[in-house]
file work.cif (mmCIF, C-alpha atoms)
data_entry
loop_
_atom_site.label_atom_id
_atom_site.label_comp_id
_atom_site.auth_asym_id
_atom_site.auth_seq_id
_atom_site.Cartn_x
_atom_site.Cartn_y
_atom_site.Cartn_z
CA MET A 120 -30.92 87.69 34.63
CA ARG A 121 -32.69 88.01 37.99
CA ALA A 122 -33.69 91.61 37.31
CA LYS A 123 -35.29 90.64 34.01
CA THR A 124 -37.16 87.71 35.57
CA HIS A 125 -38.36 89.93 38.40
CA SER A 126 -39.54 92.61 35.97
CA ASN A 127 -41.67 90.09 34.10
CA TYR A 128 -42.98 88.68 37.38
CA VAL A 129 -44.10 92.04 38.76
CA GLY A 130 -45.39 93.20 35.39
CA ARG A 131 -47.67 90.19 35.04
CA TYR A 132 -49.41 90.99 38.35
CA ALA A 133 -49.37 94.77 37.96
CA GLU A 134 -50.91 94.87 34.45
CA PRO A 135 -54.62 95.04 35.44
CA ILE A 136 -54.07 97.59 38.20
CA LYS A 137 -54.39 101.36 37.86
CA SER A 138 -51.21 103.29 37.05
CA LYS A 139 -50.59 104.61 40.56
CA LEU A 140 -50.94 101.16 42.12
CA LYS A 141 -48.75 99.73 39.38
CA ARG A 142 -45.97 102.05 40.39
CA LYS A 143 -46.37 101.25 44.10
CA LYS A 144 -46.35 97.51 43.49
CA ALA A 145 -43.27 97.77 41.28
CA ILE A 146 -41.42 99.81 43.90
CA TYR A 147 -42.39 97.64 46.87
CA GLY A 148 -42.14 94.41 44.91
CA ASN A 149 -38.62 95.43 43.89
CA PHE A 150 -37.81 96.01 47.55
CA LEU A 151 -38.96 92.50 48.47
CA HIS A 152 -37.22 90.96 45.47
CA ASN A 153 -33.93 92.65 46.43
CA ILE A 154 -34.24 91.22 49.94
CA LEU A 155 -34.58 87.71 48.49
CA VAL A 156 -31.64 88.23 46.09
CA ASN A 157 -29.47 89.59 48.90
CA PHE A 158 -30.47 86.63 51.06
CA ALA A 159 -29.42 84.17 48.33
CA LEU A 160 -26.03 85.83 47.85
CA ASN A 161 -25.22 85.59 51.55
CA ASN A 162 -26.61 82.08 52.19
CA LYS A 163 -25.19 79.31 50.05
CA LYS A 164 -27.01 76.45 51.80
CA LEU A 165 -30.71 75.91 52.34
CA MET A 166 -32.01 76.86 55.76
CA ASN A 167 -33.43 74.60 58.42
CA ILE A 168 -36.37 76.58 59.82
CA ASN A 169 -37.26 75.66 63.40
CA SER A 170 -38.53 77.20 66.65
CA GLU A 171 -35.10 78.76 67.27
CA THR A 172 -34.99 80.57 63.94
CA LYS A 173 -34.93 84.37 64.17
CA TYR A 174 -36.46 86.68 61.59
CA CYS A 175 -35.63 90.08 60.18
CA GLN A 176 -37.41 92.64 62.37
CA THR A 177 -38.69 94.52 59.32
CA CYS A 178 -39.41 92.19 56.40
CA GLY A 179 -39.82 88.87 58.29
CA ILE A 180 -37.38 86.79 56.25
CA PRO A 181 -35.60 84.08 58.30
CA LEU A 182 -32.07 84.98 59.42
CA ASP A 183 -29.39 82.30 59.01
CA ILE A 184 -26.97 83.33 61.75
CA ASP A 185 -24.08 81.17 62.95
CA TYR A 186 -24.13 82.01 66.66
CA THR A 187 -21.00 79.91 67.33
CA ASN A 188 -18.95 82.30 65.15
CA LEU A 189 -20.86 85.52 65.82
CA LYS A 190 -18.79 88.64 65.10
CA ALA A 191 -18.69 91.45 67.65
CA ASP A 192 -20.33 93.99 65.33
CA GLN A 193 -22.75 91.58 63.62
CA ASN A 194 -26.40 92.65 63.68
CA GLU A 195 -28.83 89.99 64.91
CA GLU A 196 -32.14 91.75 64.19
CA TYR A 197 -32.21 92.71 60.51
CA CYS A 198 -31.29 91.14 57.22
CA ASP A 199 -28.41 92.85 55.42
CA TYR A 200 -30.69 94.52 52.90
CA CYS A 201 -33.02 96.06 55.49
CA LEU A 202 -30.05 97.13 57.60
CA LYS A 203 -28.17 98.78 54.73
CA ASN A 204 -31.06 100.33 52.81
CA GLY A 205 -33.19 101.78 55.59
CA VAL A 206 -36.47 100.16 54.63
CA LYS A 207 -38.26 102.15 57.32
CA LEU A 208 -38.44 104.81 54.62
CA TYR A 209 -40.83 102.57 52.65
CA ASP A 210 -44.34 103.77 53.45
CA PHE A 211 -46.53 100.69 53.32
CA SER A 212 -48.65 98.77 55.80
CA MET A 213 -48.09 95.34 57.29
CA ASP A 214 -51.13 94.08 55.35
CA TYR A 215 -49.55 95.24 52.10
CA LEU A 216 -46.26 93.52 52.94
CA ILE A 217 -48.18 90.29 53.61
CA TYR A 218 -49.86 90.74 50.22
CA LEU A 219 -46.46 91.26 48.54
CA TRP A 220 -45.01 88.12 50.05
CA GLY A 221 -47.84 86.18 48.43
CA LEU A 222 -46.65 87.36 45.00
CA PHE A 223 -43.29 85.60 45.38
CA PRO A 224 -43.79 82.00 46.59
CA GLU A 225 -41.36 80.63 43.97
CA GLU A 226 -38.73 83.24 44.81
CA TYR A 227 -39.12 82.44 48.51
CA TYR A 228 -38.66 78.72 47.78
CA LYS A 229 -35.54 79.29 45.68
CA GLU A 230 -33.85 81.42 48.33
CA VAL A 231 -35.08 79.88 51.61
CA GLY A 232 -35.66 76.31 50.45
CA ILE A 233 -39.20 75.91 51.74
CA ARG A 234 -42.11 75.62 49.33
CA HIS A 235 -45.41 77.37 50.07
CA THR A 236 -48.39 78.42 48.01
CA SER A 237 -49.22 82.14 47.89
CA SER A 238 -52.01 81.74 50.44
CA GLU A 239 -49.81 79.64 52.75
CA LEU A 240 -47.00 82.19 52.59
CA ARG A 241 -49.39 85.02 53.37
CA GLU A 242 -50.82 83.02 56.28
CA ILE A 243 -47.33 82.44 57.65
CA MET A 244 -46.45 86.12 57.35
CA SER A 245 -49.76 87.20 58.89
CA ARG A 246 -48.72 85.24 62.01
CA ARG A 247 -45.04 86.18 61.93
CA LEU A 248 -45.03 89.91 61.18
CA PRO A 249 -47.20 91.08 64.12
CA GLU A 250 -44.56 89.56 66.45
CA ILE A 251 -41.54 91.33 65.00
CA LYS A 252 -40.24 94.69 66.15
CA ARG A 253 -41.28 97.09 63.39
CA TRP A 254 -44.90 95.96 63.14
CA LYS A 255 -45.39 95.13 66.81
CA GLN A 256 -44.55 98.73 67.70
CA LYS A 257 -47.09 99.99 65.19
CA ILE A 258 -49.77 97.60 66.46
CA ASN A 259 -49.13 98.58 70.08
CA THR A 260 -49.30 102.26 69.16
CA ALA A 261 -52.57 101.70 67.28
CA HIS A 262 -54.05 99.90 70.32
CA ILE A 263 -53.07 102.75 72.63
CA GLN A 264 -54.57 105.35 70.28
CA TYR A 265 -57.73 103.31 69.90
CA GLU A 266 -58.15 103.04 73.68
CA LEU A 267 -57.72 106.82 74.08
CA VAL A 268 -60.43 107.54 71.53
CA ILE A 269 -62.75 104.94 73.11
CA ARG A 270 -62.43 106.73 76.45
CA VAL A 271 -63.42 110.02 74.85
CA GLN A 272 -66.33 108.42 72.96
CA GLU A 273 -67.62 106.97 76.23
CA TYR A 274 -67.51 110.45 77.76
CA ILE A 275 -69.32 111.94 74.75
CA ASN A 276 -72.04 109.26 74.99
CA CYS A 277 -72.71 110.25 78.62
CA HIS A 278 -72.45 114.04 78.12
CA LEU A 279 -73.72 114.47 74.57
CA PHE A 280 -75.37 117.87 75.08
CA ASP A 281 -72.78 119.35 77.44
CA ASP A 282 -70.31 121.93 76.16
CA LEU A 283 -67.83 119.69 74.33
CA ASP A 284 -64.73 120.94 72.55
CA SER A 285 -61.28 119.59 71.72
CA GLU A 286 -59.71 121.47 74.65
CA LYS A 287 -61.96 119.78 77.20
CA LEU A 288 -61.97 116.32 75.62
CA SER A 289 -58.20 116.23 75.06
CA GLN A 290 -57.71 116.76 78.81
CA ILE A 291 -59.55 113.48 79.47
CA VAL A 292 -56.73 111.56 77.76
CA CYS A 293 -53.95 114.02 78.69
CA ILE A 294 -52.71 114.95 75.22
CA SER A 295 -52.64 118.27 73.35
CA LYS A 296 -55.83 119.34 71.63
CA TYR A 297 -54.04 119.54 68.27
CA HIS A 298 -52.74 115.98 68.47
CA PHE A 299 -56.12 114.84 69.79
CA ARG A 300 -57.97 116.27 66.78
CA ARG A 301 -55.68 114.42 64.36
CA LEU A 302 -55.87 111.21 66.37
CA PHE A 303 -59.67 111.29 66.63
CA LYS A 304 -60.10 111.78 62.88
CA ALA A 305 -57.57 109.04 62.08
CA VAL A 306 -59.42 106.50 64.26
CA CYS A 307 -63.03 107.56 63.60
CA GLY A 308 -62.79 108.75 60.02
CA ASP A 309 -64.51 112.04 60.87
CA SER A 310 -63.63 115.27 62.64
CA LEU A 311 -64.55 115.68 66.30
CA GLY A 312 -67.03 118.48 65.54
CA ASN A 313 -68.83 116.55 62.81
CA TYR A 314 -68.97 113.42 64.98
CA ILE A 315 -70.59 115.23 67.93
CA GLN A 316 -73.03 117.13 65.74
CA ARG A 317 -74.10 113.92 63.98
CA LEU A 318 -74.79 112.14 67.28
CA ARG A 319 -76.77 115.11 68.58
CA LEU A 320 -78.90 115.44 65.45
CA GLU A 321 -79.57 111.70 65.29
CA TYR A 322 -80.62 111.67 68.94
CA ILE A 323 -83.00 114.59 68.29
CA ALA A 324 -84.35 112.76 65.24
CA PHE A 325 -84.95 109.71 67.42
CA LYS A 326 -86.94 111.84 69.89
CA LEU A 327 -88.99 113.32 67.05
CA ILE A 328 -90.20 109.96 65.78
CA SER A 329 -90.42 108.08 69.08
CA THR A 330 -92.35 110.73 71.07
CA ASN A 331 -95.00 113.37 70.52
CA ILE A 332 -93.26 116.15 72.39
CA SER A 333 -92.79 119.49 70.64
CA VAL A 334 -89.49 120.87 69.36
CA PRO A 335 -89.32 123.53 72.13
CA GLU A 336 -89.77 120.76 74.72
CA ILE A 337 -86.98 118.74 73.13
CA LEU A 338 -84.74 121.81 73.17
CA SER A 339 -85.44 122.39 76.86
CA GLN A 340 -84.54 118.78 77.67
CA ILE A 341 -81.28 118.66 75.75
CA ASN A 342 -80.02 122.21 76.20
CA TYR A 343 -79.53 122.78 72.46
CA GLN A 344 -78.77 126.28 71.15
CA ASN A 345 -82.14 127.45 69.77
CA LYS A 346 -84.96 126.39 67.48
CA HIS A 347 -83.75 128.33 64.43
CA THR A 348 -80.20 126.95 64.63
CA LEU A 349 -81.57 123.43 65.06
CA SER A 350 -83.94 123.81 62.09
CA ARG A 351 -81.09 124.92 59.83
CA VAL A 352 -78.54 122.22 60.76
CA PHE A 353 -81.27 119.54 60.87
CA LYS A 354 -82.34 120.33 57.30
CA ASN A 355 -78.73 120.38 56.10
CA TYR A 356 -78.13 116.93 57.58
CA PHE A 357 -81.40 115.11 56.80
CA ASN A 358 -82.34 117.04 53.62
CA CYS A 359 -85.79 117.85 54.98
CA SER A 360 -87.38 120.07 57.60
CA ILE A 361 -88.26 118.85 61.10
CA PRO A 362 -92.04 118.66 60.37
CA GLU A 363 -91.36 116.78 57.11
CA PHE A 364 -89.06 114.34 58.90
CA ARG A 365 -91.62 113.68 61.62
CA LYS A 366 -94.40 113.15 59.09
CA ARG A 367 -92.25 110.84 56.98
CA HIS A 368 -91.64 108.53 59.96
CA SER A 369 -95.00 108.84 61.68
CA ASN A 370 -96.49 106.03 59.61
CA ALA A 371 -93.53 103.71 59.27
CA CYS A 372 -95.46 100.46 58.92
CA SER A 373 -94.93 98.70 55.64
CA GLU A 374 -97.93 97.78 53.52
CA GLY A 375 -97.79 94.12 54.50
CA LYS A 376 -97.08 92.82 57.96
CA ASN A 377 -93.67 91.29 58.50
CA PRO A 378 -93.79 87.48 58.46
CA ILE A 379 -92.05 87.25 61.85
CA GLN A 380 -94.27 88.13 64.81
CA ILE A 381 -92.99 87.76 68.36
CA GLU A 382 -94.83 88.77 71.50
CA PRO A 383 -92.26 90.20 73.92
CA SER A 384 -92.14 90.02 77.69
CA ILE A 385 -91.93 93.34 79.54
CA GLU A 386 -89.43 93.01 82.38
CA ARG A 387 -87.45 95.24 84.70
CA VAL A 388 -83.76 94.66 84.04
CA PRO A 389 -81.15 95.59 86.68
CA HIS A 390 -78.13 97.79 85.97
CA THR A 391 -75.69 95.77 83.86
CA ARG A 392 -71.99 96.24 83.08
CA ILE A 393 -70.64 95.11 79.73
CA ALA A 394 -66.98 94.71 78.77
CA TYR A 395 -66.97 95.44 75.05
CA LEU A 396 -64.90 95.85 71.91
CA LYS A 397 -66.17 98.36 69.37
CA LEU A 398 -66.55 97.53 65.71
CA GLU A 399 -65.21 100.39 63.59
CA ARG A 400 -66.67 100.49 60.08
CA THR A 401 -64.62 103.33 58.57
CA HIS A 402 -61.86 102.89 56.01
CA HIS A 403 -59.43 104.47 58.49
CA ALA A 404 -59.74 101.89 61.19
CA SER A 405 -61.52 98.65 60.54
CA HIS A 406 -61.85 95.71 62.92
CA SER A 407 -63.01 92.31 61.73
CA PHE A 408 -66.25 91.24 63.39
CA SER A 409 -65.01 87.66 63.74
CA VAL A 410 -61.69 88.78 65.23
CA LEU A 411 -63.50 90.86 67.86
CA TRP A 412 -65.75 87.95 68.81
CA LYS A 413 -62.73 85.67 69.08
CA GLN A 414 -61.13 88.07 71.56
CA VAL A 415 -64.36 88.27 73.59
CA LEU A 416 -64.69 84.47 73.65
CA GLN A 417 -61.07 84.01 74.75
CA PHE A 418 -61.49 86.59 77.52
CA SER A 419 -64.74 85.02 78.73
CA GLU A 420 -63.32 81.50 78.74
CA SER A 421 -60.14 82.53 80.56
CA TYR A 422 -62.21 83.90 83.48
CA GLU A 423 -65.01 81.29 83.20
CA LEU A 424 -67.58 84.09 83.01
CA LEU A 425 -70.43 81.96 81.62
CA SER A 426 -70.30 79.75 84.70
CA LYS A 427 -70.83 82.93 86.74
CA GLY A 428 -74.08 83.75 84.93
CA CYS A 429 -72.61 86.21 82.42
CA LYS A 430 -73.86 86.39 78.82
CA TYR A 431 -72.41 87.25 75.44
CA VAL A 432 -73.80 90.54 74.18
CA SER A 433 -73.88 92.80 71.14
CA LEU A 434 -74.95 96.39 71.56
CA THR A 435 -76.18 98.97 69.07
CA LEU A 436 -76.35 102.56 70.29
CA ASP A 437 -78.22 103.99 67.30
CA TYR A 438 -81.72 103.83 65.84
CA PRO A 439 -81.53 101.75 62.62
CA PHE A 440 -83.83 103.94 60.50
CA ILE A 441 -81.87 107.12 61.28
CA THR A 442 -78.17 106.22 61.44
CA LEU A 443 -76.41 104.83 58.38
CA GLU A 444 -75.16 101.29 58.95
CA GLU A 445 -71.52 102.25 58.30
CA GLN A 446 -71.79 104.97 60.98
CA SER A 447 -73.63 102.99 63.64
CA ARG A 448 -71.91 102.41 66.96
CA PHE A 449 -71.80 98.64 67.30
CA MET A 450 -70.12 96.71 70.10
CA VAL A 451 -69.60 93.08 71.03
CA GLY A 452 -68.83 91.93 74.54
CA VAL A 453 -69.85 90.03 77.63
CA THR A 454 -71.75 91.02 80.77
CA LEU A 455 -69.71 91.18 83.96
CA PRO A 456 -70.19 90.68 87.69
CA GLN A 457 -70.44 94.07 89.43
CA SER A 458 -67.08 93.75 91.20
CA PHE A 459 -65.16 92.45 88.19
CA LYS A 460 -62.27 94.61 86.98
CA ILE A 461 -62.51 95.61 83.32
CA PRO A 462 -59.61 94.06 81.36
CA LYS A 463 -57.14 96.24 79.51
CA GLY A 464 -58.15 96.85 75.91
CA PHE A 465 -61.89 96.58 76.61
CA GLY A 466 -64.32 99.45 77.06
CA VAL A 467 -67.13 99.39 79.61
CA TYR A 468 -70.75 100.21 78.89
CA GLU A 469 -73.23 100.70 81.69
CA VAL A 470 -76.71 99.50 80.67
CA PRO A 471 -79.16 101.47 82.83
CA ALA A 472 -81.77 99.68 84.93
CA GLY A 473 -85.36 99.97 83.75
CA GLU A 474 -88.17 98.35 81.81
CA TYR A 475 -87.24 96.45 78.67
CA ALA A 476 -89.27 94.68 76.02
CA ILE A 477 -87.51 91.36 75.47
CA PHE A 478 -88.05 89.57 72.15
CA ARG A 479 -86.83 85.97 72.06
CA PHE A 480 -85.97 84.68 68.60
CA LYS A 481 -84.99 81.12 67.66
CA GLY A 482 -83.18 80.72 64.37
CA LEU A 483 -80.29 81.86 62.21
CA TYR A 484 -78.51 85.10 63.07
CA HIS A 485 -78.91 86.50 59.55
CA GLU A 486 -82.71 86.44 60.05
CA LEU A 487 -82.50 88.88 62.98
CA ASN A 488 -82.88 91.80 60.58
CA ARG A 489 -86.46 90.62 59.89
CA VAL A 490 -87.12 90.59 63.64
CA TYR A 491 -85.95 94.19 63.95
CA ARG A 492 -88.21 95.24 61.10
CA TYR A 493 -91.14 93.64 62.87
CA ILE A 494 -90.22 95.40 66.14
CA TYR A 495 -89.80 98.87 64.67
CA LEU A 496 -92.36 98.81 61.88
CA ASP A 497 -95.14 96.70 63.38
CA TRP A 498 -94.86 96.20 67.12
CA LEU A 499 -93.84 99.67 68.35
CA PRO A 500 -96.49 101.68 66.42
CA ALA A 501 -99.30 99.33 67.53
CA ASN A 502 -98.48 99.01 71.25
CA ASP A 503 -98.70 101.06 74.43
CA TYR A 504 -94.92 101.37 74.70
CA SER A 505 -92.39 103.73 73.15
CA LEU A 506 -88.62 103.59 73.14
CA ARG A 507 -86.97 105.16 76.17
CA GLU A 508 -83.53 105.35 74.50
CA PRO A 509 -82.29 104.61 70.95
CA PHE A 510 -79.93 101.77 71.89
CA THR A 511 -80.76 98.05 71.79
CA PHE A 512 -78.75 95.02 72.80
CA GLU A 513 -78.82 91.29 72.18
CA THR A 514 -77.85 88.43 74.49
CA TYR A 515 -77.00 84.99 73.15
CA ILE A 516 -78.41 82.05 75.09
CA ASN A 517 -76.31 79.55 73.13
CA THR A 518 -73.53 79.72 70.54
CA PRO A 519 -72.91 78.24 67.07
CA GLU A 520 -69.93 76.21 68.36
CA LYS A 521 -72.23 73.90 70.38
CA THR A 522 -75.67 74.43 68.84
CA PRO A 523 -77.22 73.74 65.40
CA VAL A 524 -77.78 77.10 63.68
CA SER A 525 -81.54 76.51 63.48
CA GLU A 526 -81.63 76.16 67.29
CA LEU A 527 -79.76 79.36 68.13
CA ILE A 528 -81.63 81.53 70.65
CA THR A 529 -81.22 85.32 70.78
CA ASP A 530 -82.91 87.75 73.18
CA ILE A 531 -83.34 91.32 71.88
CA TYR A 532 -83.71 94.01 74.55
CA LEU A 533 -85.44 97.35 73.87
CA PRO A 534 -85.57 100.02 76.60
CA VAL A 535 -89.25 101.04 76.73
CA LYS A 536 -91.70 103.15 78.69
CA LYS A 537 -95.47 103.46 78.70
CA LYS A 538 -96.79 105.94 76.15
CA GLU A 539 -98.29 109.08 77.63
CA ILE A 540 -102.02 109.29 76.90
#
call {"tool": "encode", "arguments": {"input": "work.cif", "output": "structure tokens"}}
result
Amino acid sequence: MRAKTHSNYVGRYAEPIKSKLKRKKAIYGNFLHNILVNFALNNKKLMNINSETKYCQTCGIPLDIDYTNLKADQNEEYCDYCLKNGVKLYDFSMDYLIYLWGLFPEEYYKEVGIRHTSSELREIMSRRLPEIKRWKQKINTAHIQYELVIRVQEYINCHLFDDLDSEKLSQIVCISKYHFRRLFKAVCGDSLGNYIQRLRLEYIAFKLISTNISVPEILSQINYQNKHTLSRVFKNYFNCSIPEFRKRHSNACSEGKNPIQIEPSIERVPHTRIAYLKLERTHHASHSFSVLWKQVLQFSESYELLSKGCKYVSLTLDYPFITLEEQSRFMVGVTLPQSFKIPKGFGVYEVPAGEYAIFRFKGLYHELNRVYRYIYLDWLPANDYSLREPFTFETYINTPEKTPVSELITDIYLPVKKKEI
């Protein structure tokens, strides 16, 4: 009777989904259903869930263990089904298991005795599963791998046109070059070679449209291979020749002026250290923007950094009209006192001292894109300054938690230098 009910239950949800996903959901849904059935057979009374309740270290279902009559060989970490059937063989993510739990709120109620909606059950599991053994190990491993790749990316940013290969870069994080290649692609969504070549070409493209120096001069500055090699790979990447690219961007102003016009202040900014978390936008490793900000806020508040004159910051290392949005290197963080030790899990970015054009904008964050269009399309072409580097960063003078959104103040920093006449 249960098997028939379960089949109808899974079938109803799987019907609109493609055949491959149907099969996966049926397999994994059957796994979860069997856990609930097994739980019901071994627990005749409804459970009293409290702070002392322990949970299966794979599926997250509450364990009803009588510790006063605990047998010598009784397992205290896994439900009987997970222990007997080796569910570690099931290849699915924690997110997918949370999704599956949301399909069975009625089944959960019948077996555990606690009623939740699908969204409530998923919310409970999203808090519970990261704290249990199977998924905690995976999360910790992912964090370690992420930190290793961040260290290498920081090195690449500072040595972009040095001789870089997997042998040299793998030594930075003390792992084999073969494992490093796989790890880098898993985290970044692209091979190491493609990643480095893209950053080099986009930096050269930035120089082409932000300066008037010739291609041979650019090559001499960046130690690239030769003009002919550059011309070939540049055309393959941007689908146009170097002269065509330069001409296309030489007159970037739109027909009508942007409605937002801000006169910046030109100031010398001292060397600044930023503790940051990087937003990954690939399908291999994605980090929620709001989750990253929450971590930054918690870190800042725990050390009372704002009272020490520090500011919340977001940092973009790429030029917006060259790099695709999904490939841009975007970071959120907070500035730090010079002697402050960088916390574990955060990267560090050193903002160089120099002249910056600072644009102060008052208003909603989603309107900042219009400010950037004004800066790049109107202000830069018409002024005596050019960009010194492709990165920009923002500091936030106030935050939405304590300020009406129309009163939010953002300072945009552009590294600039006087144009050569």
call {"tool": "residues_around", "arguments": {"input": "work.cif", "residues": "Phe478 of chain A", "least_positions_apart": "5", "cutoff": "8 Å", "atoms": "only C-alpha atoms", "output": "PDB file with C-alpha atoms, keeping the file's coordinate frame"}}
result
ATOM      1  CA  ILE A 381     -92.990  87.760  68.360  1.00  0.00           C
ATOM      2  CA  GLU A 382     -94.830  88.770  71.500  1.00  0.00           C
ATOM      3  CA  PRO A 383     -92.260  90.200  73.920  1.00  0.00           C
ATOM      4  CA  SER A 384     -92.140  90.020  77.690  1.00  0.00           C
ATOM      5  CA  ASP A 530     -82.910  87.750  73.180  1.00  0.00           C
ATOM      6  CA  ILE A 531     -83.340  91.320  71.880  1.00  0.00           C
ATOM      7  CA  TYR A 532     -83.710  94.010  74.550  1.00  0.00           C
TER       8      TYR A 532
END
call {"tool": "atom_distance", "arguments": {"input": "work.cif", "atom1": "atom CA of Val535 of chain A", "atom2": "atom CA of Asn313 of chain A"}}
result
29.2 Å
call {"tool": "residues_around", "arguments": {"input": "work.cif", "residues": "Ser310 of chain A", "least_positions_apart": "3", "cutoff": "12 Å", "atoms": "all atoms listed in the file", "output": "VMD selection string"}}
result
chain A and resid 284 to 285 297 299 to 307 313 to 317
call {"tool": "atom_distance", "arguments": {"input": "work.cif", "atom1": "atom CA of Pro335 of chain A", "atom2": "atom CA of Pro534 of chain A"}}
result
24.2 Å
call {"tool": "atom_distance", "arguments": {"input": "work.cif", "atom1": "atom CA of Asp497 of chain A", "atom2": "atom CA of Val470 of chain A"}}
result
25.4 Å
call {"tool": "closest_residue", "arguments": {"input": "work.cif", "among": "A:Thr348, A:Asn358, A:Asn517, A:Thr454", "to": "Ala394 of chain A", "atoms": "all atoms listed in the file"}}
result
A:Thr454
call {"tool": "closest_residue", "arguments": {"input": "work.cif", "among": "A:Lys536, A:Arg448, A:Lys413, A:Arg234", "to": "Tyr431 of chain A", "atoms": "only C-alpha atoms"}}
result
A:Lys413
